[in-house]
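These notes concern the structure reproduced below.
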Amino acid sequence: MLDQYELLCPIAQGGMAQVWLRGWRVLTQPNVRTALSPLKRSCRSTLPICVFQQMFLDEARIASGISHPNVTANL
């Protein structure tokens, strides 16, 4: 468990993070269903801070350029 989320299984691992499939209970009338989404957790402890910071900034630059109907935009 991580806060209210249940970490179901690891999906991938890279140089600075792990991606997990997470689930949580959603109350909908008349049922309770489980919603699923990815969760990315950083692994900074395995890297020198300067390497982690550079990788984090590089990833932020790449992510800010994503434009796709299934990806929300920060407005």
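Residues in the structure tokens are named by chain (A, B, ... in the order shown) and by number from 1 within that chain; ligands are numbered from 1 in the order shown.
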Mind listing the strand (DSSP E) residues of chain A, per DSSP on the backbone, as a PDB file with N, CA and C atoms, in the first residue's frame?
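Result file is part_29.pdb:
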```
ATOM      1  N   GLU A   6      -3.179   0.858  -3.748  1.00  0.00           N
ATOM      2  CA  GLU A   6      -2.578  -0.453  -3.626  1.00  0.00           C
ATOM      3  C   GLU A   6      -1.663  -0.661  -4.826  1.00  0.00           C
ATOM      4  N   LEU A   7      -0.386  -0.912  -4.567  1.00  0.00           N
ATOM      5  CA  LEU A   7       0.556  -1.191  -5.644  1.00  0.00           C
ATOM      6  C   LEU A   7       0.368  -2.640  -6.058  1.00  0.00           C
ATOM      7  N   LEU A   8      -0.123  -2.851  -7.279  1.00  0.00           N
ATOM      8  CA  LEU A   8      -0.503  -4.187  -7.717  1.00  0.00           C
ATOM      9  C   LEU A   8       0.661  -4.973  -8.296  1.00  0.00           C
ATOM     10  N   CYS A   9       1.434  -4.363  -9.201  1.00  0.00           N
ATOM     11  CA  CYS A   9       2.584  -5.063  -9.770  1.00  0.00           C
ATOM     12  C   CYS A   9       3.496  -4.059 -10.457  1.00  0.00           C
ATOM     13  N   PRO A  10       4.801  -4.328 -10.463  1.00  0.00           N
ATOM     14  CA  PRO A  10       5.717  -3.438 -11.180  1.00  0.00           C
ATOM     15  C   PRO A  10       5.534  -3.608 -12.683  1.00  0.00           C
ATOM     16  N   ILE A  11       5.612  -2.479 -13.413  1.00  0.00           N
ATOM     17  CA  ILE A  11       5.477  -2.500 -14.868  1.00  0.00           C
ATOM     18  C   ILE A  11       6.845  -2.357 -15.523  1.00  0.00           C
ATOM     19  N   ALA A  12       7.640  -1.408 -15.015  1.00  0.00           N
ATOM     20  CA  ALA A  12       8.944  -1.140 -15.630  1.00  0.00           C
ATOM     21  C   ALA A  12       9.854  -0.458 -14.612  1.00  0.00           C
ATOM     22  N   GLN A  13      11.159  -0.497 -14.904  1.00  0.00           N
ATOM     23  CA  GLN A  13      12.139   0.207 -14.075  1.00  0.00           C
ATOM     24  C   GLN A  13      13.202   0.774 -14.988  1.00  0.00           C
ATOM     25  N   ALA A  17      13.604   5.662 -11.879  1.00  0.00           N
ATOM     26  CA  ALA A  17      12.274   5.418 -11.325  1.00  0.00           C
ATOM     27  C   ALA A  17      11.769   4.023 -11.642  1.00  0.00           C
ATOM     28  N   GLN A  18      10.733   3.643 -10.888  1.00  0.00           N
ATOM     29  CA  GLN A  18       9.970   2.435 -11.146  1.00  0.00           C
ATOM     30  C   GLN A  18       8.544   2.856 -11.490  1.00  0.00           C
ATOM     31  N   VAL A  19       7.907   2.121 -12.396  1.00  0.00           N
ATOM     32  CA  VAL A  19       6.504   2.362 -12.723  1.00  0.00           C
ATOM     33  C   VAL A  19       5.715   1.156 -12.245  1.00  0.00           C
ATOM     34  N   TRP A  20       4.668   1.426 -11.463  1.00  0.00           N
ATOM     35  CA  TRP A  20       3.807   0.387 -10.898  1.00  0.00           C
ATOM     36  C   TRP A  20       2.390   0.550 -11.419  1.00  0.00           C
ATOM     37  N   LEU A  21       1.660  -0.552 -11.472  1.00  0.00           N
ATOM     38  CA  LEU A  21       0.222  -0.494 -11.687  1.00  0.00           C
ATOM     39  C   LEU A  21      -0.402  -0.317 -10.319  1.00  0.00           C
ATOM     40  N   ARG A  22      -1.219   0.739 -10.170  1.00  0.00           N
ATOM     41  CA  ARG A  22      -1.855   1.002  -8.882  1.00  0.00           C
ATOM     42  C   ARG A  22      -3.361   0.864  -9.035  1.00  0.00           C
ATOM     43  N   GLY A  23      -3.993   0.546  -7.948  1.00  0.00           N
ATOM     44  CA  GLY A  23      -5.441   0.441  -7.943  1.00  0.00           C
ATOM     45  C   GLY A  23      -6.000   1.112  -6.705  1.00  0.00           C
ATOM     46  N   TRP A  24      -7.222   1.571  -6.797  1.00  0.00           N
ATOM     47  CA  TRP A  24      -7.923   2.117  -5.646  1.00  0.00           C
ATOM     48  C   TRP A  24      -9.409   1.932  -5.858  1.00  0.00           C
ATOM     49  N   ARG A  25     -10.133   1.903  -4.761  1.00  0.00           N
ATOM     50  CA  ARG A  25     -11.578   1.677  -4.796  1.00  0.00           C
ATOM     51  C   ARG A  25     -12.299   2.982  -5.114  1.00  0.00           C
ATOM     52  N   VAL A  26     -13.223   2.899  -6.055  1.00  0.00           N
ATOM     53  CA  VAL A  26     -14.038   4.048  -6.435  1.00  0.00           C
ATOM     54  C   VAL A  26     -15.487   3.693  -6.151  1.00  0.00           C
ATOM     55  N   LEU A  27     -16.150   4.518  -5.363  1.00  0.00           N
ATOM     56  CA  LEU A  27     -17.546   4.273  -5.038  1.00  0.00           C
ATOM     57  C   LEU A  27     -18.433   4.867  -6.125  1.00  0.00           C
ATOM     58  N   VAL A  32     -19.094  -0.765  -6.234  1.00  0.00           N
ATOM     59  CA  VAL A  32     -17.743  -0.299  -5.925  1.00  0.00           C
ATOM     60  C   VAL A  32     -16.845  -0.936  -6.980  1.00  0.00           C
ATOM     61  N   ARG A  33     -16.049  -0.121  -7.641  1.00  0.00           N
ATOM     62  CA  ARG A  33     -15.158  -0.678  -8.655  1.00  0.00           C
ATOM     63  C   ARG A  33     -13.727  -0.273  -8.339  1.00  0.00           C
ATOM     64  N   THR A  34     -12.799  -0.952  -8.947  1.00  0.00           N
ATOM     65  CA  THR A  34     -11.383  -0.637  -8.773  1.00  0.00           C
ATOM     66  C   THR A  34     -10.899   0.125  -9.992  1.00  0.00           C
ATOM     67  N   ALA A  35     -10.351   1.296  -9.768  1.00  0.00           N
ATOM     68  CA  ALA A  35      -9.766   2.091 -10.842  1.00  0.00           C
ATOM     69  C   ALA A  35      -8.275   1.767 -10.903  1.00  0.00           C
ATOM     70  N   LEU A  36      -7.741   1.735 -12.105  1.00  0.00           N
ATOM     71  CA  LEU A  36      -6.330   1.416 -12.307  1.00  0.00           C
ATOM     72  C   LEU A  36      -5.630   2.553 -13.028  1.00  0.00           C
ATOM     73  N   SER A  37      -4.377   2.790 -12.662  1.00  0.00           N
ATOM     74  CA  SER A  37      -3.550   3.774 -13.367  1.00  0.00           C
ATOM     75  C   SER A  37      -2.088   3.508 -13.021  1.00  0.00           C
ATOM     76  N   PRO A  38      -1.177   4.071 -13.807  1.00  0.00           N
ATOM     77  CA  PRO A  38       0.244   3.895 -13.478  1.00  0.00           C
ATOM     78  C   PRO A  38       0.674   4.857 -12.366  1.00  0.00           C
ATOM     79  N   LEU A  39       1.683   4.470 -11.641  1.00  0.00           N
ATOM     80  CA  LEU A  39       2.280   5.312 -10.606  1.00  0.00           C
ATOM     81  C   LEU A  39       3.784   5.237 -10.774  1.00  0.00           C
ATOM     82  N   LYS A  40       4.422   6.388 -10.876  1.00  0.00           N
ATOM     83  CA  LYS A  40       5.870   6.428 -11.040  1.00  0.00           C
ATOM     84  C   LYS A  40       6.507   6.854  -9.723  1.00  0.00           C
ATOM     85  N   ARG A  41       7.458   6.055  -9.246  1.00  0.00           N
ATOM     86  CA  ARG A  41       8.162   6.336  -7.994  1.00  0.00           C
ATOM     87  C   ARG A  41       9.643   6.512  -8.287  1.00  0.00           C
ATOM     88  N   SER A  42      10.212   7.591  -7.798  1.00  0.00           N
ATOM     89  CA  SER A  42      11.628   7.834  -8.056  1.00  0.00           C
ATOM     90  C   SER A  42      12.501   6.938  -7.195  1.00  0.00           C
TER      91      SER A  42
END
```
Q | Residues of chain A in helix (DSSP H, G or I), written as a list in words | A |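 Restricting chain A to helix (DSSP H, G or I) produces Arg44, Ser45, Thr46, Ile49, Cys50, Val51, Phe52, Gln53, Gln54, Met55, Phe56, Leu57, Asp58, Glu59, Ala60, Arg61, Ile62, Ala63 and Ser64 of chain A.
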Residue selection dump (C-alpha atoms) as a PDB file, in the first residue's frame:
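Just written: out.pdb:
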```
ATOM      1  CA  ARG A  44      16.968   8.767  -6.210  1.00  0.00           C
ATOM      2  CA  SER A  45      18.797   6.903  -3.485  1.00  0.00           C
ATOM      3  CA  THR A  46      20.612   4.765  -6.066  1.00  0.00           C
ATOM      4  CA  ILE A  49      22.211  13.774  -6.620  1.00  0.00           C
ATOM      5  CA  CYS A  50      23.700  15.642  -9.591  1.00  0.00           C
ATOM      6  CA  VAL A  51      22.894  12.723 -11.942  1.00  0.00           C
ATOM      7  CA  PHE A  52      19.359  12.431 -10.557  1.00  0.00           C
ATOM      8  CA  GLN A  53      18.735  16.173 -10.943  1.00  0.00           C
ATOM      9  CA  GLN A  54      19.876  16.166 -14.579  1.00  0.00           C
ATOM     10  CA  MET A  55      17.773  13.105 -15.434  1.00  0.00           C
ATOM     11  CA  PHE A  56      14.756  14.664 -13.692  1.00  0.00           C
ATOM     12  CA  LEU A  57      15.109  17.902 -15.680  1.00  0.00           C
ATOM     13  CA  ASP A  58      15.613  15.992 -18.952  1.00  0.00           C
ATOM     14  CA  GLU A  59      12.470  13.962 -18.319  1.00  0.00           C
ATOM     15  CA  ALA A  60      10.481  17.101 -17.457  1.00  0.00           C
ATOM     16  CA  ARG A  61      11.544  18.698 -20.757  1.00  0.00           C
ATOM     17  CA  ILE A  62      10.514  15.616 -22.727  1.00  0.00           C
ATOM     18  CA  ALA A  63       7.198  15.244 -20.880  1.00  0.00           C
ATOM     19  CA  SER A  64       6.313  18.916 -21.413  1.00  0.00           C
TER      20      SER A  64
END
```
Q: Go ahead and compute the interatomic distance for CA of Ser67 in chain A and CA of Tyr5 in chain A, in Å to one decimal.
A: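 Separation of CA of Ser67 in chain A and CA of Tyr5 in chain A: 27.3 Å.
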